[in-house]
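Novice: I'd like to ask you about the structure that follows.
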Amino acid sequence: MEKVEHTVLEHEGNERIDKVITSLESDWSRTQVQQWIKEGLVLVNQKPIKTNYKCSIHDQIEISIPDPEILDVVPEDMELDIYFEDSDCLVVNKPKGMVVHPAAGHATGTLVNGLMAHCKDLSGINGVLRPGIVHRIDKDTSGLLMVAKNDKAHEHLVNQLVEKTVTRKYKALVHGNISHDYGTIDAPIGRDPKDRQSMTVIENGKHAVTHFHVIERFKDFTYVECRLETGRTHQIRVHMKYIGFPLAGDPKYGPRKTLDINGQALHAAVLGFTHPRTEEYLEFEAPLPKEYEELLEKLRKN
């Protein structure tokens, strides 16, 4: 474990400890430094402090930098549909049926396994099993994801999600006929107290907002575009069920008698964000998977 020492300079007086430490090394992010502080790896005048500590001139800071964690994820060569890549981030189009990161029951074959083989430099902020993952989409949802290659980029992209400046548009096929062309669902989402494996609209849940507009109507279904303002777990699936139009094929939130499509008809079609280094706005669009297009064509003929 490497140790770094620093004496607080005059211009650093009254600054937050995480800001002062981050300025010492360009590769350190504030999120990473805050984690070190919580783990007791940062001492000021030989005493542990809190993340909001304000420095005084001549404070003696000692940082114990943990050794890099050896990743348990096995790199796997696989064909990845990459839409954009540079030294800071990449955008990948995840196929339906692929799990984003390893977990119980899914140690291999995940997007992270493929990313580990494709590029050696991924942000470690999200932990050993989720390197580089800034946000995720469900196994049976296809579409675009952004991945961070370093901690600075990771922090920048996460902040954009928090500040709601990331464009995320999904194409969804839902049961029933939505009569109005546009709508906004503003309803808090949290764990279902009756089923801890599911999410639901609940009074003490987290703030969640989904905007939608109708693209096309069929006999018993409606094809919509949903734009996420927030990004809660299963947000679109839960919100569309809440207003009475659950996703077609959804095994968790939809009706049992539905289209035989092996999972919810949901595709992350559009992803836009500000590049963490150049500050240029980038936007990408992935076409519907072939089986999704074929499903719509079939409905048009009925």
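We label chains A, B, ... in the order they appear in the structure tokens, count residues from 1 in each chain, and number ligands from 1 in the order shown.
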Any idea what's packed within 10 Å of range 235-246 of chain A, counting only C-alpha atoms, ignoring anything in its chain fewer than 6 positions away? Could you give it as a ChimeraX atom specification?
Specialist: /A:170,172-178,184-190,198-201,208-212,221-222,226-228,252-255,264-266
Novice: Using DSSP on the backbone coordinates, identify all residues within range 104-140 of chain A classified as helix (DSSP H, G or I); present the result as JSON, numbers by chain.
Specialist: {"A": [111, 112, 113, 114, 115, 116, 117, 118]}
Novice: Could you check which of A:Lys94, A:Lys164, A:His154, A:Arg196 is closest to Met78 in chain A, using only C-alpha atoms?
Specialist: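 Among the listed residues, A:Lys94 lies closest to Met78 in chain A.
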Novice: Find, counting only C-alpha atoms, the residue in A:His234, A:Lys171, A:Arg256, A:Lys50 that gets nearest to Ala286 in chain A.
Specialist: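 Closest to Ala286 in chain A of all the choices is A:Lys171.
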Novice: Considering only strand (DSSP E or B) as DSSP defines it on the backbone, what residues of range 3-219 of chain A qualify? List them as a PDB file with N, CA and C atoms, in the first residue's frame.
Specialist:
ATOM      1  N   LYS A   3       1.811   5.208   0.316  1.00  0.00           N
ATOM      2  CA  LYS A   3       1.387   6.329   1.167  1.00  0.00           C
ATOM      3  C   LYS A   3       1.802   7.648   0.533  1.00  0.00           C
ATOM      4  N   VAL A   4       0.885   8.613   0.554  1.00  0.00           N
ATOM      5  CA  VAL A   4       1.154   9.955   0.026  1.00  0.00           C
ATOM      6  C   VAL A   4       0.883  10.954   1.147  1.00  0.00           C
ATOM      7  N   GLU A   5       1.822  11.894   1.347  1.00  0.00           N
ATOM      8  CA  GLU A   5       1.640  12.916   2.380  1.00  0.00           C
ATOM      9  C   GLU A   5       1.585  14.293   1.742  1.00  0.00           C
ATOM     10  N   HIS A   6       0.787  15.169   2.349  1.00  0.00           N
ATOM     11  CA  HIS A   6       0.638  16.522   1.812  1.00  0.00           C
ATOM     12  C   HIS A   6       0.345  17.489   2.951  1.00  0.00           C
ATOM     13  N   THR A   7       1.004  18.634   2.922  1.00  0.00           N
ATOM     14  CA  THR A   7       0.727  19.713   3.871  1.00  0.00           C
ATOM     15  C   THR A   7      -0.168  20.740   3.189  1.00  0.00           C
ATOM     16  N   ARG A  16     -12.734  21.773   0.881  1.00  0.00           N
ATOM     17  CA  ARG A  16     -13.095  20.407   1.274  1.00  0.00           C
ATOM     18  C   ARG A  16     -11.912  19.469   1.060  1.00  0.00           C
ATOM     19  N   VAL A  42      -7.646   7.921   4.811  1.00  0.00           N
ATOM     20  CA  VAL A  42      -7.167   9.309   4.808  1.00  0.00           C
ATOM     21  C   VAL A  42      -7.152   9.833   6.248  1.00  0.00           C
ATOM     22  N   LEU A  43      -5.982  10.298   6.680  1.00  0.00           N
ATOM     23  CA  LEU A  43      -5.841  10.875   8.016  1.00  0.00           C
ATOM     24  C   LEU A  43      -5.445  12.341   7.895  1.00  0.00           C
ATOM     25  N   VAL A  44      -5.978  13.164   8.779  1.00  0.00           N
ATOM     26  CA  VAL A  44      -5.568  14.564   8.862  1.00  0.00           C
ATOM     27  C   VAL A  44      -5.044  14.774  10.278  1.00  0.00           C
ATOM     28  N   LYS A  47      -5.501  11.723  12.400  1.00  0.00           N
ATOM     29  CA  LYS A  47      -6.841  11.322  12.831  1.00  0.00           C
ATOM     30  C   LYS A  47      -7.752  11.146  11.613  1.00  0.00           C
ATOM     31  N   PRO A  48      -8.655  10.154  11.631  1.00  0.00           N
ATOM     32  CA  PRO A  48      -9.611   9.994  10.528  1.00  0.00           C
ATOM     33  C   PRO A  48     -10.594  11.169  10.500  1.00  0.00           C
ATOM     34  N   LYS A  54     -13.379  20.379   6.212  1.00  0.00           N
ATOM     35  CA  LYS A  54     -12.770  21.565   5.598  1.00  0.00           C
ATOM     36  C   LYS A  54     -11.340  21.709   6.121  1.00  0.00           C
ATOM     37  N   GLN A  60      -1.772  18.317   8.148  1.00  0.00           N
ATOM     38  CA  GLN A  60      -0.952  17.243   7.603  1.00  0.00           C
ATOM     39  C   GLN A  60      -1.871  16.109   7.115  1.00  0.00           C
ATOM     40  N   ILE A  61      -1.929  15.932   5.805  1.00  0.00           N
ATOM     41  CA  ILE A  61      -2.785  14.892   5.218  1.00  0.00           C
ATOM     42  C   ILE A  61      -1.930  13.668   4.877  1.00  0.00           C
ATOM     43  N   GLU A  62      -2.420  12.496   5.289  1.00  0.00           N
ATOM     44  CA  GLU A  62      -1.746  11.246   4.932  1.00  0.00           C
ATOM     45  C   GLU A  62      -2.753  10.329   4.229  1.00  0.00           C
ATOM     46  N   ILE A  63      -2.419   9.915   3.008  1.00  0.00           N
ATOM     47  CA  ILE A  63      -3.315   9.076   2.210  1.00  0.00           C
ATOM     48  C   ILE A  63      -2.667   7.714   2.012  1.00  0.00           C
ATOM     49  N   SER A  64      -3.382   6.663   2.395  1.00  0.00           N
ATOM     50  CA  SER A  64      -2.920   5.294   2.155  1.00  0.00           C
ATOM     51  C   SER A  64      -3.664   4.778   0.926  1.00  0.00           C
ATOM     52  N   ILE A  65      -2.949   4.650  -0.189  1.00  0.00           N
ATOM     53  CA  ILE A  65      -3.575   4.244  -1.450  1.00  0.00           C
ATOM     54  C   ILE A  65      -3.621   2.720  -1.512  1.00  0.00           C
ATOM     55  N   ASP A  81     -21.113  -4.912 -30.501  1.00  0.00           N
ATOM     56  CA  ASP A  81     -21.600  -3.927 -31.477  1.00  0.00           C
ATOM     57  C   ASP A  81     -21.298  -2.524 -30.932  1.00  0.00           C
ATOM     58  N   ILE A  82     -20.076  -2.041 -31.189  1.00  0.00           N
ATOM     59  CA  ILE A  82     -19.620  -0.764 -30.617  1.00  0.00           C
ATOM     60  C   ILE A  82     -19.914   0.391 -31.566  1.00  0.00           C
ATOM     61  N   TYR A  83     -20.602   1.404 -31.054  1.00  0.00           N
ATOM     62  CA  TYR A  83     -20.996   2.565 -31.858  1.00  0.00           C
ATOM     63  C   TYR A  83     -19.986   3.703 -31.755  1.00  0.00           C
ATOM     64  N   PHE A  84     -19.261   3.756 -30.643  1.00  0.00           N
ATOM     65  CA  PHE A  84     -18.281   4.828 -30.429  1.00  0.00           C
ATOM     66  C   PHE A  84     -17.261   4.346 -29.415  1.00  0.00           C
ATOM     67  N   GLU A  85     -15.998   4.760 -29.607  1.00  0.00           N
ATOM     68  CA  GLU A  85     -14.968   4.402 -28.623  1.00  0.00           C
ATOM     69  C   GLU A  85     -13.793   5.350 -28.742  1.00  0.00           C
ATOM     70  N   CYS A  89     -14.294   6.718 -23.084  1.00  0.00           N
ATOM     71  CA  CYS A  89     -15.569   6.017 -22.971  1.00  0.00           C
ATOM     72  C   CYS A  89     -15.893   5.276 -24.261  1.00  0.00           C
ATOM     73  N   LEU A  90     -16.908   4.446 -24.171  1.00  0.00           N
ATOM     74  CA  LEU A  90     -17.410   3.794 -25.380  1.00  0.00           C
ATOM     75  C   LEU A  90     -18.916   3.637 -25.264  1.00  0.00           C
ATOM     76  N   VAL A  91     -19.565   3.465 -26.416  1.00  0.00           N
ATOM     77  CA  VAL A  91     -21.008   3.226 -26.482  1.00  0.00           C
ATOM     78  C   VAL A  91     -21.202   1.895 -27.183  1.00  0.00           C
ATOM     79  N   VAL A  92     -21.947   0.992 -26.540  1.00  0.00           N
ATOM     80  CA  VAL A  92     -22.140  -0.344 -27.093  1.00  0.00           C
ATOM     81  C   VAL A  92     -23.635  -0.649 -27.184  1.00  0.00           C
ATOM     82  N   ASN A  93     -24.006  -1.374 -28.216  1.00  0.00           N
ATOM     83  CA  ASN A  93     -25.386  -1.802 -28.427  1.00  0.00           C
ATOM     84  C   ASN A  93     -25.520  -3.226 -27.896  1.00  0.00           C
ATOM     85  N   LYS A  94     -26.177  -3.386 -26.731  1.00  0.00           N
ATOM     86  CA  LYS A  94     -26.296  -4.692 -26.074  1.00  0.00           C
ATOM     87  C   LYS A  94     -27.444  -5.488 -26.686  1.00  0.00           C
ATOM     88  N   ALA A 103     -23.123 -11.721 -11.888  1.00  0.00           N
ATOM     89  CA  ALA A 103     -23.837 -11.807 -10.612  1.00  0.00           C
ATOM     90  C   ALA A 103     -24.101 -13.290 -10.365  1.00  0.00           C
ATOM     91  N   HIS A 106     -24.762 -15.824 -13.153  1.00  0.00           N
ATOM     92  CA  HIS A 106     -24.291 -15.281 -14.441  1.00  0.00           C
ATOM     93  C   HIS A 106     -22.833 -14.839 -14.302  1.00  0.00           C
ATOM     94  N   ILE A 133     -19.067   0.212 -15.836  1.00  0.00           N
ATOM     95  CA  ILE A 133     -20.509   0.320 -16.033  1.00  0.00           C
ATOM     96  C   ILE A 133     -21.052   1.578 -15.346  1.00  0.00           C
ATOM     97  N   SER A 142     -32.802  -4.664 -25.086  1.00  0.00           N
ATOM     98  CA  SER A 142     -31.673  -4.440 -25.992  1.00  0.00           C
ATOM     99  C   SER A 142     -31.370  -2.952 -26.056  1.00  0.00           C
ATOM    100  N   GLY A 143     -30.194  -2.604 -26.611  1.00  0.00           N
ATOM    101  CA  GLY A 143     -29.921  -1.201 -26.885  1.00  0.00           C
ATOM    102  C   GLY A 143     -28.637  -0.635 -26.320  1.00  0.00           C
ATOM    103  N   LEU A 144     -28.569   0.688 -26.331  1.00  0.00           N
ATOM    104  CA  LEU A 144     -27.331   1.428 -26.129  1.00  0.00           C
ATOM    105  C   LEU A 144     -26.993   1.679 -24.660  1.00  0.00           C
ATOM    106  N   LEU A 145     -25.712   1.490 -24.356  1.00  0.00           N
ATOM    107  CA  LEU A 145     -25.163   1.752 -23.024  1.00  0.00           C
ATOM    108  C   LEU A 145     -23.870   2.526 -23.173  1.00  0.00           C
ATOM    109  N   MET A 146     -23.591   3.451 -22.229  1.00  0.00           N
ATOM    110  CA  MET A 146     -22.288   4.112 -22.216  1.00  0.00           C
ATOM    111  C   MET A 146     -21.430   3.465 -21.131  1.00  0.00           C
ATOM    112  N   VAL A 147     -20.143   3.327 -21.440  1.00  0.00           N
ATOM    113  CA  VAL A 147     -19.186   2.651 -20.555  1.00  0.00           C
ATOM    114  C   VAL A 147     -17.993   3.576 -20.345  1.00  0.00           C
ATOM    115  N   ALA A 148     -17.536   3.714 -19.098  1.00  0.00           N
ATOM    116  CA  ALA A 148     -16.404   4.596 -18.782  1.00  0.00           C
ATOM    117  C   ALA A 148     -15.100   3.816 -18.752  1.00  0.00           C
ATOM    118  N   THR A 167     -29.627  12.018 -22.660  1.00  0.00           N
ATOM    119  CA  THR A 167     -30.804  11.666 -23.453  1.00  0.00           C
ATOM    120  C   THR A 167     -30.920  10.151 -23.521  1.00  0.00           C
ATOM    121  N   ARG A 168     -32.057   9.621 -23.054  1.00  0.00           N
ATOM    122  CA  ARG A 168     -32.296   8.179 -23.099  1.00  0.00           C
ATOM    123  C   ARG A 168     -33.722   7.930 -23.592  1.00  0.00           C
ATOM    124  N   LYS A 169     -33.832   7.443 -24.828  1.00  0.00           N
ATOM    125  CA  LYS A 169     -35.139   7.172 -25.415  1.00  0.00           C
ATOM    126  C   LYS A 169     -35.267   5.685 -25.740  1.00  0.00           C
ATOM    127  N   TYR A 170     -36.378   5.102 -25.325  1.00  0.00           N
ATOM    128  CA  TYR A 170     -36.627   3.677 -25.509  1.00  0.00           C
ATOM    129  C   TYR A 170     -37.858   3.477 -26.391  1.00  0.00           C
ATOM    130  N   LYS A 171     -37.814   2.422 -27.210  1.00  0.00           N
ATOM    131  CA  LYS A 171     -38.986   2.017 -27.981  1.00  0.00           C
ATOM    132  C   LYS A 171     -39.622   0.840 -27.251  1.00  0.00           C
ATOM    133  N   ALA A 172     -40.936   0.928 -27.016  1.00  0.00           N
ATOM    134  CA  ALA A 172     -41.627  -0.107 -26.246  1.00  0.00           C
ATOM    135  C   ALA A 172     -42.953  -0.469 -26.905  1.00  0.00           C
ATOM    136  N   LEU A 173     -43.305  -1.738 -26.832  1.00  0.00           N
ATOM    137  CA  LEU A 173     -44.607  -2.209 -27.289  1.00  0.00           C
ATOM    138  C   LEU A 173     -45.402  -2.584 -26.046  1.00  0.00           C
ATOM    139  N   VAL A 174     -46.583  -1.965 -25.883  1.00  0.00           N
ATOM    140  CA  VAL A 174     -47.370  -2.177 -24.669  1.00  0.00           C
ATOM    141  C   VAL A 174     -48.741  -2.753 -25.003  1.00  0.00           C
ATOM    142  N   HIS A 175     -49.313  -3.433 -24.025  1.00  0.00           N
ATOM    143  CA  HIS A 175     -50.669  -3.960 -24.165  1.00  0.00           C
ATOM    144  C   HIS A 175     -51.677  -2.811 -24.140  1.00  0.00           C
ATOM    145  N   TYR A 182     -49.578  11.882 -26.169  1.00  0.00           N
ATOM    146  CA  TYR A 182     -48.433  12.202 -25.306  1.00  0.00           C
ATOM    147  C   TYR A 182     -48.827  12.050 -23.845  1.00  0.00           C
ATOM    148  N   GLY A 183     -47.831  11.793 -22.999  1.00  0.00           N
ATOM    149  CA  GLY A 183     -48.110  11.704 -21.570  1.00  0.00           C
ATOM    150  C   GLY A 183     -46.842  11.731 -20.741  1.00  0.00           C
ATOM    151  N   THR A 184     -46.990  12.054 -19.470  1.00  0.00           N
ATOM    152  CA  THR A 184     -45.884  12.028 -18.510  1.00  0.00           C
ATOM    153  C   THR A 184     -46.331  11.265 -17.273  1.00  0.00           C
ATOM    154  N   ILE A 185     -45.517  10.316 -16.856  1.00  0.00           N
ATOM    155  CA  ILE A 185     -45.801   9.548 -15.648  1.00  0.00           C
ATOM    156  C   ILE A 185     -44.825  10.015 -14.572  1.00  0.00           C
ATOM    157  N   ASP A 186     -45.344  10.619 -13.535  1.00  0.00           N
ATOM    158  CA  ASP A 186     -44.531  11.119 -12.415  1.00  0.00           C
ATOM    159  C   ASP A 186     -45.004  10.376 -11.176  1.00  0.00           C
ATOM    160  N   ILE A 189     -40.891   5.252  -7.349  1.00  0.00           N
ATOM    161  CA  ILE A 189     -40.682   3.805  -7.478  1.00  0.00           C
ATOM    162  C   ILE A 189     -39.802   3.286  -6.343  1.00  0.00           C
ATOM    163  N   GLY A 190     -40.189   2.160  -5.789  1.00  0.00           N
ATOM    164  CA  GLY A 190     -39.403   1.518  -4.735  1.00  0.00           C
ATOM    165  C   GLY A 190     -39.637   0.018  -4.744  1.00  0.00           C
ATOM    166  N   ARG A 191     -38.996  -0.697  -3.822  1.00  0.00           N
ATOM    167  CA  ARG A 191     -39.181  -2.145  -3.700  1.00  0.00           C
ATOM    168  C   ARG A 191     -40.631  -2.458  -3.329  1.00  0.00           C
ATOM    169  N   ASP A 192     -41.165  -3.492  -3.948  1.00  0.00           N
ATOM    170  CA  ASP A 192     -42.519  -3.938  -3.633  1.00  0.00           C
ATOM    171  C   ASP A 192     -42.478  -4.669  -2.288  1.00  0.00           C
ATOM    172  N   ASP A 195     -43.234  -8.285  -2.666  1.00  0.00           N
ATOM    173  CA  ASP A 195     -42.329  -9.088  -3.498  1.00  0.00           C
ATOM    174  C   ASP A 195     -41.014  -8.318  -3.634  1.00  0.00           C
ATOM    175  N   ARG A 196     -40.013  -8.672  -2.838  1.00  0.00           N
ATOM    176  CA  ARG A 196     -38.760  -7.913  -2.790  1.00  0.00           C
ATOM    177  C   ARG A 196     -37.957  -8.012  -4.074  1.00  0.00           C
ATOM    178  N   GLN A 197     -38.340  -8.938  -4.971  1.00  0.00           N
ATOM    179  CA  GLN A 197     -37.645  -9.062  -6.252  1.00  0.00           C
ATOM    180  C   GLN A 197     -38.211  -8.107  -7.299  1.00  0.00           C
ATOM    181  N   SER A 198     -39.296  -7.432  -6.961  1.00  0.00           N
ATOM    182  CA  SER A 198     -39.966  -6.551  -7.920  1.00  0.00           C
ATOM    183  C   SER A 198     -39.984  -5.111  -7.419  1.00  0.00           C
ATOM    184  N   MET A 199     -40.162  -4.193  -8.367  1.00  0.00           N
ATOM    185  CA  MET A 199     -40.315  -2.782  -8.045  1.00  0.00           C
ATOM    186  C   MET A 199     -41.778  -2.394  -8.256  1.00  0.00           C
ATOM    187  N   THR A 200     -42.202  -1.315  -7.620  1.00  0.00           N
ATOM    188  CA  THR A 200     -43.580  -0.865  -7.775  1.00  0.00           C
ATOM    189  C   THR A 200     -43.669   0.630  -7.487  1.00  0.00           C
ATOM    190  N   VAL A 201     -44.776   1.235  -7.897  1.00  0.00           N
ATOM    191  CA  VAL A 201     -45.034   2.630  -7.515  1.00  0.00           C
ATOM    192  C   VAL A 201     -45.460   2.606  -6.057  1.00  0.00           C
ATOM    193  N   LYS A 206     -38.442   6.314  -4.687  1.00  0.00           N
ATOM    194  CA  LYS A 206     -37.594   7.370  -5.250  1.00  0.00           C
ATOM    195  C   LYS A 206     -38.314   8.071  -6.394  1.00  0.00           C
ATOM    196  N   VAL A 209     -39.662   9.836 -13.207  1.00  0.00           N
ATOM    197  CA  VAL A 209     -40.464  10.504 -14.251  1.00  0.00           C
ATOM    198  C   VAL A 209     -40.155   9.886 -15.608  1.00  0.00           C
ATOM    199  N   THR A 210     -41.213   9.486 -16.310  1.00  0.00           N
ATOM    200  CA  THR A 210     -41.105   8.955 -17.669  1.00  0.00           C
ATOM    201  C   THR A 210     -42.029   9.741 -18.586  1.00  0.00           C
ATOM    202  N   HIS A 211     -41.506  10.230 -19.712  1.00  0.00           N
ATOM    203  CA  HIS A 211     -42.319  10.899 -20.730  1.00  0.00           C
ATOM    204  C   HIS A 211     -42.520   9.914 -21.880  1.00  0.00           C
ATOM    205  N   PHE A 212     -43.708   9.912 -22.479  1.00  0.00           N
ATOM    206  CA  PHE A 212     -43.919   8.999 -23.606  1.00  0.00           C
ATOM    207  C   PHE A 212     -44.756   9.652 -24.697  1.00  0.00           C
ATOM    208  N   HIS A 213     -44.598   9.169 -25.909  1.00  0.00           N
ATOM    209  CA  HIS A 213     -45.520   9.535 -26.986  1.00  0.00           C
ATOM    210  C   HIS A 213     -45.785   8.324 -27.863  1.00  0.00           C
ATOM    211  N   VAL A 214     -46.975   8.289 -28.428  1.00  0.00           N
ATOM    212  CA  VAL A 214     -47.395   7.155 -29.248  1.00  0.00           C
ATOM    213  C   VAL A 214     -46.790   7.260 -30.644  1.00  0.00           C
ATOM    214  N   ILE A 215     -46.199   6.163 -31.112  1.00  0.00           N
ATOM    215  CA  ILE A 215     -45.651   6.093 -32.463  1.00  0.00           C
ATOM    216  C   ILE A 215     -46.665   5.457 -33.412  1.00  0.00           C
ATOM    217  N   GLU A 216     -47.301   4.371 -32.937  1.00  0.00           N
ATOM    218  CA  GLU A 216     -48.206   3.622 -33.807  1.00  0.00           C
ATOM    219  C   GLU A 216     -49.172   2.821 -32.936  1.00  0.00           C
ATOM    220  N   ARG A 217     -50.415   2.698 -33.418  1.00  0.00           N
ATOM    221  CA  ARG A 217     -51.416   1.910 -32.703  1.00  0.00           C
ATOM    222  C   ARG A 217     -51.800   0.676 -33.507  1.00  0.00           C
TER     223      ARG A 217
END
Novice: Can you list, as a PDB file with N, CA and C atoms, in the first residue's frame, every protein, DNA or RNA residue that comes within 12 Å of range 278-281 of chain A when you count only C-alpha atoms, leaving out same-chain residues fewer than 3 positions away?
Specialist:
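Now in part32.pdb:
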ATOM      1  N   ASP A  86     -13.296   5.833 -27.594  1.00  0.00           N
ATOM      2  CA  ASP A  86     -12.030   6.549 -27.534  1.00  0.00           C
ATOM      3  C   ASP A  86     -11.372   6.210 -26.205  1.00  0.00           C
ATOM      4  N   SER A  87     -10.409   6.987 -25.763  1.00  0.00           N
ATOM      5  CA  SER A  87      -9.658   6.643 -24.547  1.00  0.00           C
ATOM      6  C   SER A  87     -10.445   6.889 -23.264  1.00  0.00           C
ATOM      7  N   ASP A  88     -11.606   7.557 -23.353  1.00  0.00           N
ATOM      8  CA  ASP A  88     -12.383   7.887 -22.154  1.00  0.00           C
ATOM      9  C   ASP A  88     -13.646   7.048 -21.991  1.00  0.00           C
ATOM     10  N   CYS A  89     -14.294   6.718 -23.084  1.00  0.00           N
ATOM     11  CA  CYS A  89     -15.569   6.017 -22.971  1.00  0.00           C
ATOM     12  C   CYS A  89     -15.893   5.276 -24.261  1.00  0.00           C
ATOM     13  N   ALA A 153     -13.798   9.962 -16.209  1.00  0.00           N
ATOM     14  CA  ALA A 153     -14.904   9.877 -17.164  1.00  0.00           C
ATOM     15  C   ALA A 153     -16.144   9.302 -16.490  1.00  0.00           C
ATOM     16  N   HIS A 156     -17.830  11.928 -14.379  1.00  0.00           N
ATOM     17  CA  HIS A 156     -18.447  12.934 -15.241  1.00  0.00           C
ATOM     18  C   HIS A 156     -19.772  12.422 -15.812  1.00  0.00           C
ATOM     19  N   LEU A 157     -19.776  11.174 -16.286  1.00  0.00           N
ATOM     20  CA  LEU A 157     -20.979  10.600 -16.884  1.00  0.00           C
ATOM     21  C   LEU A 157     -22.070  10.360 -15.842  1.00  0.00           C
ATOM     22  N   GLN A 160     -23.811  13.541 -15.069  1.00  0.00           N
ATOM     23  CA  GLN A 160     -24.789  13.902 -16.098  1.00  0.00           C
ATOM     24  C   GLN A 160     -26.114  13.180 -15.884  1.00  0.00           C
ATOM     25  N   THR A 165     -29.155  15.318 -17.707  1.00  0.00           N
ATOM     26  CA  THR A 165     -28.799  15.891 -19.006  1.00  0.00           C
ATOM     27  C   THR A 165     -28.507  14.820 -20.055  1.00  0.00           C
ATOM     28  N   VAL A 166     -28.597  13.542 -19.661  1.00  0.00           N
ATOM     29  CA  VAL A 166     -28.375  12.443 -20.604  1.00  0.00           C
ATOM     30  C   VAL A 166     -29.684  12.155 -21.342  1.00  0.00           C
ATOM     31  N   THR A 167     -29.627  12.018 -22.660  1.00  0.00           N
ATOM     32  CA  THR A 167     -30.804  11.666 -23.453  1.00  0.00           C
ATOM     33  C   THR A 167     -30.920  10.151 -23.521  1.00  0.00           C
ATOM     34  N   LEU A 271     -29.253   7.319 -27.298  1.00  0.00           N
ATOM     35  CA  LEU A 271     -28.428   7.687 -26.139  1.00  0.00           C
ATOM     36  C   LEU A 271     -27.601   8.912 -26.497  1.00  0.00           C
ATOM     37  N   GLY A 272     -27.732   9.964 -25.698  1.00  0.00           N
ATOM     38  CA  GLY A 272     -26.971  11.190 -25.942  1.00  0.00           C
ATOM     39  C   GLY A 272     -26.370  11.713 -24.658  1.00  0.00           C
ATOM     40  N   PHE A 273     -25.118  12.185 -24.717  1.00  0.00           N
ATOM     41  CA  PHE A 273     -24.447  12.701 -23.526  1.00  0.00           C
ATOM     42  C   PHE A 273     -23.312  13.635 -23.943  1.00  0.00           C
ATOM     43  N   THR A 274     -22.800  14.390 -22.990  1.00  0.00           N
ATOM     44  CA  THR A 274     -21.660  15.277 -23.228  1.00  0.00           C
ATOM     45  C   THR A 274     -20.370  14.505 -22.984  1.00  0.00           C
ATOM     46  N   HIS A 275     -19.466  14.533 -23.950  1.00  0.00           N
ATOM     47  CA  HIS A 275     -18.211  13.795 -23.792  1.00  0.00           C
ATOM     48  C   HIS A 275     -17.457  14.318 -22.572  1.00  0.00           C
ATOM     49  N   PHE A 284     -26.391   8.952 -30.263  1.00  0.00           N
ATOM     50  CA  PHE A 284     -26.357   7.749 -31.076  1.00  0.00           C
ATOM     51  C   PHE A 284     -27.738   7.113 -31.114  1.00  0.00           C
TER      52      PHE A 284
END
